[in-house]
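Structure file my_file-v1.tsv (TSV, C-alpha atoms) follows.
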chain	number	residue	atom	x	y	z
A	1	MET	CA	40.63	135.49	-94.98
A	2	HIS	CA	43.85	135.07	-96.99
A	3	ILE	CA	43.19	131.36	-97.55
A	4	LEU	CA	39.60	131.55	-98.83
A	5	PRO	CA	40.38	131.89	-102.58
A	6	SER	CA	42.73	128.89	-102.58
A	7	LEU	CA	40.40	126.97	-100.27
A	8	LEU	CA	37.51	127.43	-102.70
A	9	THR	CA	39.72	126.11	-105.50
A	10	TYR	CA	40.36	122.85	-103.64
A	11	VAL	CA	36.69	122.51	-102.72
A	12	GLY	CA	35.78	123.04	-106.36
A	13	VAL	CA	38.20	120.32	-107.52
A	14	LEU	CA	36.78	117.90	-104.94
A	15	PHE	CA	33.20	118.69	-106.00
A	16	VAL	CA	34.05	118.08	-109.67
A	17	PHE	CA	35.33	114.58	-108.89
A	18	VAL	CA	32.32	113.82	-106.68
A	19	TYR	CA	29.96	114.99	-109.43
A	20	MET	CA	31.76	112.89	-112.05
A	21	PHE	CA	31.50	109.73	-109.95
A	22	ALA	CA	27.86	110.54	-109.17
A	23	ILE	CA	27.02	110.58	-112.89
A	24	VAL	CA	28.92	107.32	-113.49
A	25	GLY	CA	27.16	105.75	-110.50
A	26	MET	CA	23.74	106.80	-111.76
A	27	GLU	CA	24.45	105.28	-115.16
A	28	SER	CA	25.74	102.04	-113.65
A	29	PHE	CA	23.57	101.40	-110.59
A	30	LYS	CA	20.27	103.22	-111.13
A	31	ASN	CA	17.29	101.23	-109.73
A	32	LYS	CA	19.57	98.40	-108.63
A	33	ILE	CA	18.68	99.42	-105.07
A	34	ARG	CA	15.44	101.23	-104.27
A	35	PHE	CA	14.01	103.00	-101.24
A	36	PHE	CA	10.26	102.99	-100.64
A	37	GLY	CA	9.99	105.31	-97.66
A	38	PRO	CA	9.40	104.43	-93.99
A	39	ASN	CA	7.77	101.09	-94.88
A	40	THR	CA	10.79	99.83	-96.81
A	41	TYR	CA	11.90	97.48	-94.03
A	42	ASN	CA	8.52	96.16	-92.86
A	43	THR	CA	6.64	95.79	-96.12
A	44	THR	CA	5.07	92.52	-97.27
A	45	ASP	CA	4.99	93.50	-100.93
A	46	PRO	CA	7.34	91.07	-102.76
A	47	ALA	CA	8.36	93.81	-105.20
A	48	LYS	CA	9.55	96.02	-102.33
A	49	LEU	CA	11.32	93.42	-100.21
A	50	TRP	CA	15.12	93.60	-99.78
A	51	CYS	CA	15.38	97.14	-101.20
A	52	GLY	CA	13.63	95.90	-104.34
A	53	ASN	CA	16.44	93.43	-105.09
A	54	LYS	CA	16.27	89.77	-104.00
A	55	ALA	CA	20.05	89.52	-104.11
A	56	LEU	CA	20.18	91.66	-100.94
A	57	GLN	CA	18.13	89.18	-98.92
A	58	ASN	CA	19.53	88.94	-95.36
A	59	SER	CA	22.56	90.97	-96.41
A	60	LEU	CA	24.35	93.30	-93.99
A	61	PHE	CA	23.49	96.17	-96.33
A	62	TYR	CA	19.77	95.49	-95.86
A	63	ARG	CA	20.00	94.73	-92.12
A	64	ASP	CA	21.77	98.07	-91.54
A	65	LYS	CA	18.94	99.82	-93.43
A	66	TYR	CA	21.06	101.32	-96.20
A	67	CYS	CA	18.38	101.14	-98.91
A	68	ALA	CA	18.27	104.95	-99.08
A	69	ASN	CA	21.94	104.91	-100.14
A	70	ASN	CA	21.32	104.52	-103.84
A	71	PHE	CA	22.22	106.12	-107.17
A	72	ASN	CA	18.66	106.65	-108.41
A	73	ASP	CA	19.01	110.46	-108.55
A	74	ILE	CA	21.79	113.04	-108.35
A	75	GLY	CA	20.98	114.03	-104.77
A	76	SER	CA	21.07	110.47	-103.44
A	77	ALA	CA	24.24	109.75	-105.44
A	78	ILE	CA	26.07	112.72	-103.90
A	79	VAL	CA	24.95	111.66	-100.41
A	80	VAL	CA	26.32	108.13	-100.99
A	81	LEU	CA	29.61	109.52	-102.28
A	82	PHE	CA	29.87	111.88	-99.31
A	83	GLU	CA	29.47	108.90	-96.98
A	84	LEU	CA	32.21	107.13	-98.91
A	85	LEU	CA	34.34	110.28	-98.71
A	86	ILE	CA	34.28	110.24	-94.91
A	87	VAL	CA	34.75	106.44	-95.00
A	88	ASN	CA	31.43	105.73	-93.31
A	89	GLN	CA	30.87	101.95	-93.55
A	90	TRP	CA	32.15	102.08	-97.11
A	91	HIS	CA	32.85	98.33	-97.17
A	92	ILE	CA	29.18	97.56	-96.37
A	93	ILE	CA	27.99	99.88	-99.14
A	94	THR	CA	30.47	98.34	-101.57
A	95	ASP	CA	29.44	94.79	-100.70
A	96	GLY	CA	25.78	95.74	-101.06
A	97	TYR	CA	26.29	96.99	-104.60
A	98	VAL	CA	28.39	93.95	-105.48
A	99	LEU	CA	25.44	91.77	-104.45
A	100	ALA	CA	22.91	94.01	-106.18
A	101	THR	CA	24.77	93.99	-109.50
A	102	GLY	CA	25.95	90.40	-109.31
A	103	THR	CA	29.51	91.18	-110.39
A	104	LYS	CA	32.72	91.81	-108.44
A	105	ALA	CA	33.80	94.33	-111.08
A	106	THR	CA	31.57	96.80	-109.19
A	107	ARG	CA	34.36	97.06	-106.64
A	108	LEU	CA	36.48	98.93	-109.21
A	109	PHE	CA	34.10	101.90	-109.03
A	110	PHE	CA	34.29	102.17	-105.25
A	111	ILE	CA	38.02	101.45	-104.99
A	112	SER	CA	38.89	104.03	-107.65
A	113	TYR	CA	36.70	106.62	-105.92
A	114	HIS	CA	38.37	105.87	-102.59
A	115	MET	CA	41.86	106.14	-104.10
A	116	ILE	CA	41.24	109.41	-105.95
A	117	SER	CA	38.91	111.32	-103.64
A	118	VAL	CA	39.89	110.07	-100.18
A	119	ILE	CA	43.56	109.10	-100.33
A	120	ILE	CA	44.74	111.76	-102.80
A	121	ILE	CA	42.43	114.80	-103.00
A	122	LEU	CA	41.13	114.82	-99.42
A	123	ASN	CA	44.61	114.37	-97.95
A	124	ILE	CA	45.96	117.20	-100.11
A	125	PHE	CA	43.03	119.35	-99.01
A	126	THR	CA	43.69	118.58	-95.33
A	127	ALA	CA	47.40	119.36	-95.69
A	128	PHE	CA	46.56	122.63	-97.44
A	129	VAL	CA	44.20	123.70	-94.64
A	130	LEU	CA	46.84	123.01	-91.98
A	131	GLU	CA	49.52	124.91	-93.89
A	132	ALA	CA	47.15	127.79	-94.57
A	133	PHE	CA	46.37	128.21	-90.88
A	134	LEU	CA	50.10	128.23	-90.09
A	135	LEU	CA	50.64	130.95	-92.69
A	136	GLU	CA	47.68	132.91	-91.31
A	137	TYR	CA	49.21	132.68	-87.86
A	138	SER	CA	52.56	133.94	-89.12
A	139	PHE	CA	50.85	136.94	-90.78
A	140	SER	CA	49.12	137.82	-87.50
A	141	LYS	CA	52.29	137.83	-85.38
A	142	GLY	CA	53.23	141.21	-83.94
A	143	ALA	CA	56.55	142.99	-84.38
A	144	LEU	CA	57.78	142.09	-80.88
A	145	GLU	CA	56.90	138.42	-81.30
A	146	THR	CA	58.65	138.32	-84.66
A	147	ALA	CA	61.74	140.03	-83.22
A	148	LEU	CA	61.87	137.59	-80.31
A	149	ALA	CA	61.55	134.57	-82.60
A	150	THR	CA	64.31	135.90	-84.87
A	151	LYS	CA	66.65	136.54	-81.97
A	152	ILE	CA	66.01	133.14	-80.41
A	153	ASN	CA	66.89	131.50	-83.74
A	154	GLU	CA	70.06	133.59	-83.96
A	155	MET	CA	71.03	132.48	-80.47
A	156	GLY	CA	70.55	128.83	-81.45
A	157	LEU	CA	68.02	128.27	-78.65
A	158	ALA	CA	65.09	127.26	-80.84
A	159	TYR	CA	64.35	123.59	-81.45
A	160	GLY	CA	66.47	122.32	-84.34
A	161	SER	CA	68.25	125.64	-84.87
A	162	ASN	CA	71.98	126.36	-84.94
A	163	PRO	CA	73.71	129.38	-83.44
A	164	THR	CA	74.39	132.28	-85.75
A	165	LYS	CA	77.77	133.97	-85.75
A	166	LYS	CA	77.96	137.68	-85.15
A	167	LYS	CA	78.10	139.93	-88.17
A	168	PRO	CA	80.58	142.83	-88.09
A	169	LYS	CA	78.95	146.18	-87.45
A	170	ASN	CA	79.22	148.95	-89.96
A	171	GLU	CA	79.70	152.03	-87.82
A	172	GLY	CA	79.00	154.35	-90.75
A	173	THR	CA	75.47	153.12	-91.36
A	174	ALA	CA	72.27	153.68	-89.47
A	175	LYS	CA	70.79	150.99	-87.26
A	176	ALA	CA	68.96	148.59	-89.61
A	177	SER	CA	67.28	146.48	-86.96
A	178	ILE	CA	65.92	146.98	-83.49
A	179	LEU	CA	68.09	144.06	-82.39
A	180	ASP	CA	71.48	145.39	-83.59
A	181	ASP	CA	72.43	146.55	-80.10
A	182	ASP	CA	71.57	143.20	-78.60
A	183	GLU	CA	74.33	140.96	-79.93
A	184	LEU	CA	76.11	138.57	-77.64
A	185	ASP	CA	79.70	138.97	-76.48
A	186	SER	CA	80.83	135.67	-77.98
A	187	ASP	CA	81.01	134.82	-81.65
A	188	CYS	CA	78.20	132.32	-81.32
A	189	VAL	CA	75.96	130.75	-78.71
A	190	ASP	CA	76.07	127.09	-77.86
A	191	ALA	CA	72.80	125.51	-78.94
A	192	ASP	CA	72.96	123.20	-75.93
A	193	HIS	CA	73.28	126.06	-73.43
A	194	ASP	CA	70.94	125.36	-70.55
A	195	ASN	CA	71.52	128.38	-68.35
A	196	LEU	CA	68.00	129.74	-67.91
A	197	GLN	CA	69.27	132.89	-66.24
A	198	PHE	CA	71.37	133.65	-69.31
A	199	VAL	CA	68.37	133.18	-71.58
A	200	ALA	CA	66.17	135.36	-69.37
A	201	GLU	CA	68.74	138.17	-69.41
A	202	GLN	CA	68.98	138.02	-73.19
A	203	LEU	CA	65.21	138.17	-73.62
A	204	GLU	CA	64.92	141.05	-71.16
A	205	GLU	CA	67.57	142.93	-73.14
A	206	ILE	CA	65.62	142.32	-76.36
A	207	VAL	CA	62.44	143.72	-74.80
A	208	ARG	CA	64.30	146.78	-73.51
A	209	ASN	CA	65.84	147.47	-76.91
A	210	TYR	CA	62.50	147.02	-78.63
A	211	THR	CA	60.84	149.42	-76.16
A	212	ASN	CA	63.58	152.01	-76.63
A	213	TYR	CA	63.37	151.64	-80.39
A	214	SER	CA	59.59	152.12	-80.29
A	215	HIS	CA	59.99	155.31	-78.25
A	216	GLU	CA	62.63	156.63	-80.66
A	217	THR	CA	60.45	156.07	-83.72
A	218	GLU	CA	57.32	157.66	-82.26

Go ahead and render the structure in this file as structure tokens.
Amino acid sequence: MHILPSLLTYVGVLFVFVYMFAIVGMESFKNKIRFFGPNTYNTTDPAKLWCGNKALQNSLFYRDKYCANNFNDIGSAIVVLFELLIVNQWHIITDGYVLATGTKATRLFFISYHMISVIIILNIFTAFVLEAFLLEYSFSKGALETALATKINEMGLAYGSNPTKKKPKNEGTAKASILDDDELDSDCVDADHDNLQFVAEQLEEIVRNYTNYSHETE
């Protein structure tokens, strides 16, 4: 639930770009490709053949029955852009519109949309979702799990971590952490230590201290 406000922001930014390209597409490609319903691909009417555009005759765009992927209205335009967003046969759609318009400059519209919406915005959105779930997981960790993770990092046993030297105790102050009584005898722990029995004993001691601390604070 913590990620929903930020998630909606990213979705809103993505929708704005999709809507902008949909308007540009409608202005540039309206009625270049038309869809006439179920009979589009078996009609004998010359005006309705090849999606209403003779330039698409025997094209892969027509053979794959993509005539419904047009920019004749806002709904159809958003559907086409969504297909391009998930990279669904985007090269066939692009080639179809290049044939329908008769100019290779049409590729600039589809390449710019791919660069902005797919490579930049969608990748940022995906990275945000992954990071948000990691943060949500860290918020949901219990006190014992957090204490164990902290102690393992201090011992230098976590992946990529270094051992932490002992800090001198201040006898005149109260216990600040449930792990204060669980320090090791040496100044630091070798990060390459592979004695599983040693690790097990340390973890058992952490659990005992945590349990005693919980009983004392109740």

task = Would you mind telling me which residue in A:Lys54, A:Arg107, A:His114, A:Arg63 lies nearest to Ile33 in chain A when using only C-alpha atoms?
result = A:Lys54

inquiry  = One number please: CA of Lys32 in chain A to CA of Tyr97 in chain A, in Å, one decimal.
reply    =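 So the answer is 8.0 Å.
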
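The space between CA of Lys104 in chain A and CA of Lys65 in chain A spans 21.9 Å.
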
key: 12 Å contact set for Thr106 in chain A, all atoms listed in the file, chain neighbours under 5 positions out, as a list in words   = Val24, Gly25, Ser28, Phe29, Ile93, Thr94, Asp95, Gly96, Tyr97, Val98, Leu99, Ala100, Thr101, Ile111, Ser112 and Tyr113 of chain A

task = Extract, using all atoms listed in the file, all DNA, RNA and protein residues at most 12 Å from Thr40 in chain A, discarding same-chain residues fewer than 6 positions from it, and format them as number ranges by chain.
result = A: 33-34, 46-53, 62-63, 65-68

note = In Å and to one decimal, CA of Met26 in chain A is distant from CA of Asp64 in chain A by 22.1 Å

task = Can you work out which one of A:Thr103, A:Ser117, A:Gln89, A:Asn39 has the shortest atom-to-atom distance to Val13 in chain A, counting all atoms listed in the file?
result =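 Closest candidate: A:Ser117.
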
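The residue that comes closest to Ala22 in chain A, out of A:Phe71, A:Phe125, A:Phe109, A:Tyr10 and on the basis of all atoms listed in the file, is A:Phe71.
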
query = Taking all atoms listed in the file into account, which of A:Leu60, A:Leu122, A:Ile86, A:Leu4 comes nearest Phe17 in chain A?
reply =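 So, comparing all the options, the nearest one is A:Leu122.
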
ask   = Residues at most 8 Å from Tyr19 in chain A, counting only C-alpha atoms, excluding those fewer than 4 positions away in the same chain, as a list of chain:residue names?
value = A:Phe15, A:Ile23, A:Ile78
